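S.K.: Structure supplied as input_14.pdb; contents: PDB, C-alpha atoms.
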```pdb
ATOM      1  CA  MET A   1      94.250 -91.933 -28.470
ATOM      2  CA  GLN A   2      91.364 -91.562 -30.940
ATOM      3  CA  HIS A   3      91.893 -92.387 -34.615
ATOM      4  CA  PRO A   4      92.480 -89.096 -36.562
ATOM      5  CA  GLN A   5      89.678 -89.845 -39.029
ATOM      6  CA  LYS A   6      87.288 -90.551 -36.158
ATOM      7  CA  MET A   7      88.132 -87.182 -34.616
ATOM      8  CA  LEU A   8      87.540 -85.482 -37.973
ATOM      9  CA  TYR A   9      84.179 -87.220 -38.397
ATOM     10  CA  HIS A  10      83.109 -86.185 -34.900
ATOM     11  CA  LYS A  11      84.002 -82.572 -35.638
ATOM     12  CA  LYS A  12      82.068 -82.514 -38.923
ATOM     13  CA  PHE A  13      79.080 -84.396 -37.529
ATOM     14  CA  ASN A  14      78.977 -82.035 -34.524
ATOM     15  CA  GLN A  15      78.932 -79.067 -36.903
ATOM     16  CA  LEU A  16      76.058 -80.700 -38.775
ATOM     17  CA  TRP A  17      74.219 -81.311 -35.494
ATOM     18  CA  ASN A  18      74.612 -77.735 -34.318
ATOM     19  CA  ARG A  19      73.348 -76.423 -37.647
ATOM     20  CA  PHE A  20      70.331 -78.743 -37.612
ATOM     21  CA  GLN A  21      69.398 -77.823 -34.047
ATOM     22  CA  ASN A  22      69.861 -74.055 -34.410
ATOM     23  CA  GLY A  23      67.432 -72.610 -36.898
ATOM     24  CA  TYR A  24      68.014 -74.979 -39.826
ATOM     25  CA  LYS A  25      64.926 -75.533 -41.998
ATOM     26  CA  PRO A  26      65.344 -78.894 -43.750
ATOM     27  CA  PRO A  27      64.152 -79.378 -47.325
ATOM     28  CA  ILE A  28      61.129 -81.622 -47.804
ATOM     29  CA  TYR A  29      61.900 -85.261 -48.560
ATOM     30  CA  ASN A  30      61.067 -86.239 -52.138
ATOM     31  CA  PRO A  31      61.623 -89.986 -52.723
ATOM     32  CA  GLU A  32      61.294 -89.534 -56.485
ATOM     33  CA  GLN A  33      64.373 -87.326 -56.682
ATOM     34  CA  ALA A  34      68.048 -87.673 -55.867
ATOM     35  CA  ALA A  35      71.149 -85.613 -56.572
ATOM     36  CA  ASP A  36      71.554 -85.087 -60.347
ATOM     37  CA  SER A  37      68.562 -87.360 -61.063
ATOM     38  CA  ASN A  38      66.913 -85.045 -63.631
ATOM     39  CA  GLY A  39      63.861 -87.295 -63.784
ATOM     40  CA  ARG A  40      65.790 -90.564 -63.986
ATOM     41  CA  LYS A  41      64.618 -93.352 -61.702
ATOM     42  CA  ASN A  42      67.213 -96.155 -61.568
ATOM     43  CA  SER A  43      70.020 -95.118 -59.231
ATOM     44  CA  LEU A  44      73.002 -97.426 -58.736
ATOM     45  CA  THR A  45      75.334 -97.360 -55.748
ATOM     46  CA  LEU A  46      77.877 -99.530 -54.039
ATOM     47  CA  SER A  47      76.502 -99.854 -50.534
ATOM     48  CA  ILE A  48      76.580-101.751 -47.265
ATOM     49  CA  HIS A  49      73.224-103.449 -46.865
ATOM     50  CA  ILE A  50      72.056-103.707 -43.254
ATOM     51  CA  ASP A  51      70.475-107.107 -42.640
ATOM     52  CA  GLN A  52      71.674-108.109 -39.175
ATOM     53  CA  PRO A  53      68.526-108.768 -37.066
ATOM     54  CA  ASP A  54      70.018-107.410 -33.837
ATOM     55  CA  ILE A  55      71.156-104.187 -35.535
ATOM     56  CA  ILE A  56      67.754-103.736 -37.188
ATOM     57  CA  ARG A  57      66.035-104.154 -33.811
ATOM     58  CA  GLN A  58      68.295-101.490 -32.302
ATOM     59  CA  ILE A  59      67.516 -99.115 -35.186
ATOM     60  CA  GLN A  60      63.787 -99.706 -34.781
ATOM     61  CA  ASN A  61      64.060 -98.904 -31.086
ATOM     62  CA  VAL A  62      65.204 -95.460 -32.231
ATOM     63  CA  THR A  63      62.611 -95.033 -34.966
ATOM     64  CA  ASP A  64      59.827 -96.040 -32.569
ATOM     65  CA  GLU A  65      60.678 -92.898 -30.588
ATOM     66  CA  ILE A  66      59.954 -90.607 -33.572
ATOM     67  CA  ARG A  67      57.268 -92.676 -35.281
ATOM     68  CA  HIS A  68      54.302 -90.512 -34.255
ATOM     69  CA  ILE A  69      55.883 -87.088 -34.799
ATOM     70  CA  PRO A  70      54.019 -85.222 -37.580
ATOM     71  CA  GLY A  71      55.889 -85.088 -40.873
ATOM     72  CA  VAL A  72      58.275 -87.960 -40.131
ATOM     73  CA  TYR A  73      58.350 -90.823 -42.625
ATOM     74  CA  LEU A  74      60.184 -93.916 -41.367
ATOM     75  CA  MET A  75      62.289 -95.850 -43.844
ATOM     76  CA  PRO A  76      61.384 -99.553 -43.948
ATOM     77  CA  PRO A  77      64.100-102.004 -42.807
ATOM     78  CA  GLU A  78      64.668-103.238 -46.367
ATOM     79  CA  TYR A  79      65.863 -99.703 -47.212
ATOM     80  CA  TYR A  80      68.599 -99.648 -44.574
ATOM     81  CA  HIS A  81      71.958 -99.207 -46.246
ATOM     82  CA  ILE A  82      75.138 -97.140 -46.039
ATOM     83  CA  THR A  83      76.304 -95.686 -49.334
ATOM     84  CA  VAL A  84      79.934 -96.451 -50.131
ATOM     85  CA  LYS A  85      80.180 -95.130 -53.704
ATOM     86  CA  TRP A  86      77.571 -93.590 -55.969
ATOM     87  CA  LEU A  87      77.818 -94.959 -59.507
ATOM     88  CA  GLY A  88      75.135 -93.128 -61.493
ATOM     89  CA  PHE A  89      71.793 -93.775 -63.196
ATOM     90  CA  LEU A  90      71.049 -96.751 -65.415
ATOM     91  CA  THR A  91      69.608 -95.520 -68.714
ATOM     92  CA  ASN A  92      68.983 -96.804 -72.230
ATOM     93  CA  ARG A  93      70.798 -93.854 -73.781
ATOM     94  CA  LYS A  94      73.390 -91.504 -72.307
ATOM     95  CA  HIS A  95      72.225 -87.890 -72.022
ATOM     96  CA  HIS A  96      73.991 -86.762 -68.827
ATOM     97  CA  ARG A  97      77.448 -87.279 -67.385
ATOM     98  CA  SER A  98      76.111 -89.632 -64.702
ATOM     99  CA  ASP A  99      74.100 -91.823 -67.113
ATOM    100  CA  ILE A 100      75.255 -95.445 -67.396
ATOM    101  CA  GLU A 101      74.207 -97.666 -70.304
ATOM    102  CA  SER A 102      74.174-101.440 -69.763
ATOM    103  CA  PRO A 103      77.365-102.209 -71.762
ATOM    104  CA  MET A 104      79.212 -99.509 -69.839
ATOM    105  CA  LEU A 105      77.875-100.888 -66.542
ATOM    106  CA  GLU A 106      79.561-104.230 -67.202
ATOM    107  CA  ARG A 107      82.891-102.473 -67.712
ATOM    108  CA  ILE A 108      82.363-100.427 -64.542
ATOM    109  CA  LEU A 109      81.607-103.569 -62.541
ATOM    110  CA  GLU A 110      84.803-105.184 -63.817
ATOM    111  CA  GLN A 111      86.730-102.180 -62.492
ATOM    112  CA  ALA A 112      84.788-102.321 -59.207
ATOM    113  CA  ASP A 113      85.596-106.006 -58.771
ATOM    114  CA  LEU A 114      89.294-105.398 -59.343
ATOM    115  CA  ILE A 115      89.418-102.498 -56.878
ATOM    116  CA  LEU A 116      87.301-103.989 -54.096
ATOM    117  CA  SER A 117      88.915-107.444 -54.200
ATOM    118  CA  HIS A 118      92.200-105.830 -53.154
ATOM    119  CA  LEU A 119      90.797-103.680 -50.347
ATOM    120  CA  PRO A 120      90.529-105.156 -46.843
ATOM    121  CA  GLU A 121      87.405-105.997 -44.911
ATOM    122  CA  PHE A 122      86.575-103.425 -42.241
ATOM    123  CA  SER A 123      84.158-102.677 -39.406
ATOM    124  CA  ILE A 124      81.876 -99.723 -38.777
ATOM    125  CA  GLN A 125      80.318 -98.344 -35.621
ATOM    126  CA  LEU A 126      76.703 -97.217 -35.997
ATOM    127  CA  GLY A 127      75.235 -94.677 -33.632
ATOM    128  CA  ARG A 128      74.425 -91.054 -32.709
ATOM    129  CA  VAL A 129      71.322 -89.501 -34.239
ATOM    130  CA  ASN A 130      71.738 -86.508 -36.522
ATOM    131  CA  GLY A 131      69.953 -84.491 -39.192
ATOM    132  CA  LEU A 132      71.272 -84.366 -42.765
ATOM    133  CA  ALA A 133      69.332 -82.369 -45.376
ATOM    134  CA  SER A 134      65.793 -83.847 -45.412
ATOM    135  CA  PHE A 135      66.816 -87.009 -43.537
ATOM    136  CA  ILE A 136      67.199 -88.218 -39.980
ATOM    137  CA  VAL A 137      70.347 -90.309 -39.960
ATOM    138  CA  LEU A 138      72.583 -92.448 -37.811
ATOM    139  CA  GLU A 139      76.246 -91.502 -37.926
ATOM    140  CA  VAL A 140      78.775 -94.073 -39.128
ATOM    141  CA  GLU A 141      82.339 -94.318 -37.843
ATOM    142  CA  ASP A 142      84.575 -96.282 -40.195
ATOM    143  CA  LYS A 143      88.079 -94.833 -39.570
ATOM    144  CA  GLY A 144      88.128 -93.530 -43.132
ATOM    145  CA  ALA A 145      87.479 -96.866 -44.878
ATOM    146  CA  ILE A 146      84.652 -95.577 -47.098
ATOM    147  CA  ALA A 147      86.510 -92.398 -48.054
ATOM    148  CA  HIS A 148      89.499 -94.578 -48.981
ATOM    149  CA  ILE A 149      87.311 -96.752 -51.228
ATOM    150  CA  GLN A 150      85.940 -93.642 -52.937
ATOM    151  CA  GLN A 151      89.439 -92.305 -53.511
ATOM    152  CA  GLN A 152      90.498 -95.625 -55.049
ATOM    153  CA  PHE A 153      87.609 -95.373 -57.506
ATOM    154  CA  HIS A 154      88.557 -91.786 -58.350
ATOM    155  CA  GLN A 155      92.084 -92.953 -59.143
ATOM    156  CA  ASP A 156      91.516 -96.341 -60.760
ATOM    157  CA  ALA A 157      87.978 -96.323 -62.229
ATOM    158  CA  PRO A 158      87.772 -93.458 -64.746
ATOM    159  CA  LEU A 159      84.464 -94.744 -66.102
ATOM    160  CA  VAL A 160      82.699 -94.092 -62.790
ATOM    161  CA  PRO A 161      81.308 -90.563 -62.327
ATOM    162  CA  THR A 162      82.632 -88.661 -59.333
ATOM    163  CA  TYR A 163      80.367 -87.017 -56.793
ATOM    164  CA  SER A 164      81.456 -83.635 -55.441
ATOM    165  CA  ILE A 165      81.130 -84.530 -51.744
ATOM    166  CA  GLU A 166      82.946 -87.867 -51.917
ATOM    167  CA  GLY A 167      86.366 -88.560 -50.458
ATOM    168  CA  GLU A 168      87.469 -86.501 -47.484
ATOM    169  CA  HIS A 169      84.220 -84.468 -47.576
ATOM    170  CA  TRP A 170      81.964 -87.536 -47.268
ATOM    171  CA  LEU A 171      80.110 -88.160 -44.018
ATOM    172  CA  PRO A 172      79.095 -91.839 -43.909
ATOM    173  CA  HIS A 173      75.575 -92.307 -42.558
ATOM    174  CA  LEU A 174      72.449 -94.449 -42.566
ATOM    175  CA  SER A 175      69.136 -92.708 -43.297
ATOM    176  CA  ILE A 176      66.339 -93.893 -41.005
ATOM    177  CA  ALA A 177      63.629 -91.317 -41.766
ATOM    178  CA  GLY A 178      62.673 -88.489 -44.103
ATOM    179  CA  LEU A 179      60.720 -85.297 -43.500
ATOM    180  CA  ASN A 180      57.483 -85.098 -45.519
ATOM    181  CA  ASN A 181      56.670 -81.754 -43.919
ATOM    182  CA  LEU A 182      57.953 -79.555 -41.099
ATOM    183  CA  ASP A 183      54.819 -79.574 -38.893
ATOM    184  CA  GLY A 184      56.555 -81.516 -36.119
ATOM    185  CA  LEU A 185      60.062 -80.129 -36.559
ATOM    186  CA  SER A 186      60.402 -78.574 -33.095
ATOM    187  CA  THR A 187      59.128 -81.770 -31.453
ATOM    188  CA  LEU A 188      61.483 -83.820 -33.587
ATOM    189  CA  LYS A 189      64.511 -81.714 -32.653
ATOM    190  CA  ALA A 190      63.695 -82.079 -28.962
ATOM    191  CA  LYS A 191      63.323 -85.856 -29.272
ATOM    192  CA  MET A 192      66.569 -86.083 -31.230
ATOM    193  CA  LYS A 193      68.363 -84.342 -28.357
ATOM    194  CA  GLU A 194      67.196 -87.160 -26.099
ATOM    195  CA  LEU A 195      68.415 -89.771 -28.605
ATOM    196  CA  ARG A 196      71.591 -87.969 -29.645
ATOM    197  CA  HIS A 197      74.185 -90.222 -27.996
ATOM    198  CA  ILE A 198      72.545 -93.580 -28.578
ATOM    199  CA  GLU A 199      74.843 -96.344 -29.854
ATOM    200  CA  ILE A 200      73.525 -99.047 -32.170
ATOM    201  CA  GLY A 201      76.532-101.334 -32.441
ATOM    202  CA  GLU A 202      79.399-102.571 -34.586
ATOM    203  CA  ILE A 203      78.982-104.116 -38.027
ATOM    204  CA  HIS A 204      81.656-106.151 -39.794
ATOM    205  CA  VAL A 205      81.821-105.466 -43.551
ATOM    206  CA  PRO A 206      83.166-108.431 -45.575
ATOM    207  CA  HIS A 207      81.619-107.318 -48.877
ATOM    208  CA  VAL A 208      80.057-104.348 -50.665
ATOM    209  CA  ASP A 209      76.793-104.642 -52.611
ATOM    210  CA  LEU A 210      75.682-103.224 -55.931
ATOM    211  CA  LEU A 211      72.359-101.668 -54.951
ATOM    212  CA  GLN A 212      69.629-100.539 -57.320
ATOM    213  CA  ALA A 213      67.251 -97.919 -55.922
ATOM    214  CA  VAL A 214      64.142 -97.202 -57.991
ATOM    215  CA  LEU A 215      63.122 -93.660 -57.063
ATOM    216  CA  GLN A 216      59.435 -93.806 -56.209
ATOM    217  CA  LYS A 217      56.897 -92.992 -53.498
ATOM    218  CA  PRO A 218      56.704 -93.506 -50.573
ATOM    219  CA  CYS A 219      60.433 -94.385 -50.607
ATOM    220  CA  PRO A 220      62.933 -95.811 -53.095
ATOM    221  CA  GLN A 221      62.648 -99.550 -53.697
ATOM    222  CA  CYS A 222      66.059-101.111 -53.114
ATOM    223  CA  ARG A 223      67.424-104.472 -54.151
ATOM    224  CA  ILE A 224      70.863-106.028 -54.263
ATOM    225  CA  LEU A 225      72.024-106.976 -57.754
ATOM    226  CA  ARG A 226      75.521-108.182 -57.020
ATOM    227  CA  SER A 227      78.008-108.509 -54.160
ATOM    228  CA  PHE A 228      81.738-107.820 -54.242
ATOM    229  CA  SER A 229      83.946-109.497 -51.655
ATOM    230  CA  LEU A 230      86.566-107.442 -49.876
ATOM    231  CA  ALA A 231      89.946-108.989 -49.165
ATOM    232  CA  HIS A 232      90.084-111.208 -46.096
ATOM    233  CA  PRO A 233      93.378-110.875 -44.190
ATOM    234  CA  SER A 234      94.203-114.459 -45.136
ATOM    235  CA  CYS A 235      92.860-114.287 -48.702
ATOM    236  CA  VAL A 236      93.780-111.244 -50.762
ATOM    237  CA  GLY A 237      92.154-110.909 -54.156
ATOM    238  CA  ALA A 238      88.845-112.616 -53.404
ATOM    239  CA  LYS A 239      86.406-112.649 -56.268
ATOM    240  CA  HIS A 240      82.873-111.335 -56.358
ATOM    241  CA  SER A 241      79.783-113.479 -56.110
ATOM    242  CA  LEU A 242      76.559-112.990 -57.993
ATOM    243  CA  VAL A 243      73.166-112.829 -56.324
ATOM    244  CA  GLY A 244      71.376-116.006 -57.378
ATOM    245  CA  GLY A 245      74.363-116.931 -59.563
ATOM    246  CA  GLU A 246      73.749-114.367 -62.301
ATOM    247  CA  MET A 247      73.091-110.717 -62.995
ATOM    248  CA  ILE A 248      69.511-109.561 -62.686
ATOM    249  CA  SER A 249      67.742-109.882 -66.047
ATOM    250  CA  TRP A 250      66.886-106.198 -66.471
ATOM    251  CA  LEU A 251      70.547-105.494 -67.204
ATOM    252  CA  HIS A 252      70.328-107.412 -70.480
TER
END
```
For the structure just supplied, provide its representation as structure tokens.
M.R.:
Amino acid sequence: MQHPQKMLYHKKFNQLWNRFQNGYKPPIYNPEQAADSNGRKNSLTLSIHIDQPDIIRQIQNVTDEIRHIPGVYLMPPEYYHITVKWLGFLTNRKHHRSDIESPMLERILEQADLILSHLPEFSIQLGRVNGLASFIVLEVEDKGAIAHIQQQFHQDAPLVPTYSIEGEHWLPHLSIAGLNNLDGLSTLKAKMKELRHIEIGEIHVPHVDLLQAVLQKPCPQCRILRSFSLAHPSCVGAKHSLVGGEMISWLH
């Protein structure tokens, strides 16, 4: 019997697929903007960074199939990530609800460490091509693990802004391409039908990364600032590790 959350994801992703394939006109991809950005450039998320060579090769086998379609911009491998929890925008002064000043970020990361160190490691299954807003994505099956993490933050991390589509409404995905224009949309949709049921593989997730994305052209520049260990079955309450032993200097 299929896991209930997996069945729910399939239903929602199938609805998304049917909408994309039947008359949907995607918005144009703008790498300098994100939800609620309002001109701000430093977006912070908790994410799963994809760095497994075999998985990256499988993803590139898919992107090679759409590489030459007009209007398609392929994300570089260093961009590959799966968002777990959006945190907000790093700013010098708070003007919007989702702005995070450096002192507040340290408090948020303390809460994140406490939450994530008590949540178990999990695995995800990456596969099936789909269209989501201005992106071409790969669907992620995680049996509800990411939604559960988001719900824990909603309950136990009041300093972290909430995002309206998190929790049970969230569809975990990995963006592999954006649409710069719609010149090749019909060709793209036809090619996506051929690729629809492709499976990339399983990824074990022992930690979640603090990811900074600087919103810029041709695509956001991403880097890992910090990693938070999830709880191993034999070691509950693992502590986080810092990239290079310390926080990146721009936080100070």
S.K.: If you apply the PyMOL selection byres ((chain A and resi 210) around 6) to this file, what residues do you get, as a ChimeraX atom specification?
M.R.: /A:45-46,209,211,224-226
S.K.: Can you tell me, as a VMD selection string, what residues are no more than 9 Å from A:His49 when counting only C-alpha atoms, ignoring any on the same chain fewer than 5 positions away?
M.R.: chain A and resid 78 to 83 208 to 209 211 224
S.K.: At a cut-off of 10 Å, using all atoms listed in the file, what residues contact stretch 14-30 of chain A? Leave out same-chain residues fewer than 4 positions from it and give the result as a PyMOL selection string.
M.R.: chain A and resi 8-10+34+71-73+129-135+171+177-182+185-186+188-190+192-193+196+215-220
S.K.: For the residues selected in the previous step, produce a file with C-alpha atoms as a PDB file, in the frame of the given file.
M.R.:
```pdb
ATOM      1  CA  LEU A   8      87.540 -85.482 -37.973  1.00  0.00           C
ATOM      2  CA  TYR A   9      84.179 -87.220 -38.397  1.00  0.00           C
ATOM      3  CA  HIS A  10      83.109 -86.185 -34.900  1.00  0.00           C
ATOM      4  CA  ALA A  34      68.048 -87.673 -55.867  1.00  0.00           C
ATOM      5  CA  GLY A  71      55.889 -85.088 -40.873  1.00  0.00           C
ATOM      6  CA  VAL A  72      58.275 -87.960 -40.131  1.00  0.00           C
ATOM      7  CA  TYR A  73      58.350 -90.823 -42.625  1.00  0.00           C
ATOM      8  CA  VAL A 129      71.322 -89.501 -34.239  1.00  0.00           C
ATOM      9  CA  ASN A 130      71.738 -86.508 -36.522  1.00  0.00           C
ATOM     10  CA  GLY A 131      69.953 -84.491 -39.192  1.00  0.00           C
ATOM     11  CA  LEU A 132      71.272 -84.366 -42.765  1.00  0.00           C
ATOM     12  CA  ALA A 133      69.332 -82.369 -45.376  1.00  0.00           C
ATOM     13  CA  SER A 134      65.793 -83.847 -45.412  1.00  0.00           C
ATOM     14  CA  PHE A 135      66.816 -87.009 -43.537  1.00  0.00           C
ATOM     15  CA  LEU A 171      80.110 -88.160 -44.018  1.00  0.00           C
ATOM     16  CA  ALA A 177      63.629 -91.317 -41.766  1.00  0.00           C
ATOM     17  CA  GLY A 178      62.673 -88.489 -44.103  1.00  0.00           C
ATOM     18  CA  LEU A 179      60.720 -85.297 -43.500  1.00  0.00           C
ATOM     19  CA  ASN A 180      57.483 -85.098 -45.519  1.00  0.00           C
ATOM     20  CA  ASN A 181      56.670 -81.754 -43.919  1.00  0.00           C
ATOM     21  CA  LEU A 182      57.953 -79.555 -41.099  1.00  0.00           C
ATOM     22  CA  LEU A 185      60.062 -80.129 -36.559  1.00  0.00           C
ATOM     23  CA  SER A 186      60.402 -78.574 -33.095  1.00  0.00           C
ATOM     24  CA  LEU A 188      61.483 -83.820 -33.587  1.00  0.00           C
ATOM     25  CA  LYS A 189      64.511 -81.714 -32.653  1.00  0.00           C
ATOM     26  CA  ALA A 190      63.695 -82.079 -28.962  1.00  0.00           C
ATOM     27  CA  MET A 192      66.569 -86.083 -31.230  1.00  0.00           C
ATOM     28  CA  LYS A 193      68.363 -84.342 -28.357  1.00  0.00           C
ATOM     29  CA  ARG A 196      71.591 -87.969 -29.645  1.00  0.00           C
ATOM     30  CA  LEU A 215      63.122 -93.660 -57.063  1.00  0.00           C
ATOM     31  CA  GLN A 216      59.435 -93.806 -56.209  1.00  0.00           C
ATOM     32  CA  LYS A 217      56.897 -92.992 -53.498  1.00  0.00           C
ATOM     33  CA  PRO A 218      56.704 -93.506 -50.573  1.00  0.00           C
ATOM     34  CA  CYS A 219      60.433 -94.385 -50.607  1.00  0.00           C
ATOM     35  CA  PRO A 220      62.933 -95.811 -53.095  1.00  0.00           C
TER      36      PRO A 220
END
```
S.K.: Rank nothing, just name the residue among A:Glu194, A:Glu168, A:Glu199, A:Glu101 nearest to A:Ile149, using all atoms listed in the file.
M.R.: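 Among A:Glu194, A:Glu168, A:Glu199, A:Glu101, it is A:Glu168 that comes nearest to A:Ile149.
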S.K.: Between atom CA of A:Val137 and atom CA of A:Tyr163, what is the distance, to one decimal in Å?
M.R.: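 Going from atom CA of A:Val137 over to atom CA of A:Tyr163, I get 19.9 Å.
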S.K.: Select, from A:Leu116, A:Ile124, A:Ile136, A:Leu44, the residue with the minimum atom-to-atom distance to A:Ile66, counting all atoms listed in the file.
M.R.: A:Ile136
S.K.: Hey, what comes out of the PyMOL selection byres ((chain A and resi 40) around 12) on this file? Could you write it as a PyMOL selection string?
M.R.: chain A and resi 32-39+41-44+88-96+98-100+213-216
S.K.: Neighbours of A:Ile115 within 8 Å (all atoms listed in the file; same-chain residues fewer than 3 positions away dropped), as number ranges by chain?
M.R.: A: 111-112, 118-119, 152-153, 156
S.K.: Using only C-alpha atoms, pick whichever of A:Leu126, A:Ala147, A:Leu114, A:Ile55 has the shortest atom-to-atom distance to A:Ala231.
M.R.: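 Checking each of A:Leu126, A:Ala147, A:Leu114, A:Ile55 against A:Ala231, counting only C-alpha atoms, the winner is A:Leu114.
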S.K.: Do you have the atom CA of A:Pro103-atom CA of A:Pro158 distance handy?
M.R.: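 One can read the atom CA of A:Pro103 to atom CA of A:Pro158 distance as 15.3 Å.
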S.K.: For the file shown, what are the residues hit by the PyMOL selection byres ((chain A and resi 201) around 12), laid out as a list of chain:residue names?
M.R.: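 That selection, the PyMOL selection byres ((chain A and resi 201) around 12), comes back as A:Ile50, A:Gln52, A:Pro53, A:Asp54, A:Ile55, A:Ile56, A:Arg57, A:Gln58, A:Ile59, A:Ser123, A:Ile124, A:Gln125, A:Leu126, A:Gly127, A:Arg128, A:Leu138, A:Glu139, A:Val140, A:Glu141, A:Ile198, A:Glu199, A:Ile200, A:Glu202, A:Ile203, A:His204.
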S.K.: Find, counting all atoms listed in the file, the residue in A:Glu106, A:Thr162, A:Gln155, A:Lys191 that gets nearest to A:Thr63.
M.R.: A:Lys191
S.K.: Given the choices A:Pro120, A:Trp86, A:Arg97, A:Ser102, which gets closest to A:Glu166 if the distance is worked out from only C-alpha atoms?
M.R.: A:Trp86
S.K.: Which residue, A:Glu121, A:His154, A:Glu65, A:Gln212, has the smallest gap to A:His232 when you use all atoms listed in the file?
M.R.: A:Glu121
S.K.: In Å, how far is it from atom CA of A:Gly144 to atom CA of A:His197?
M.R.: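 The value is 20.8 Å.
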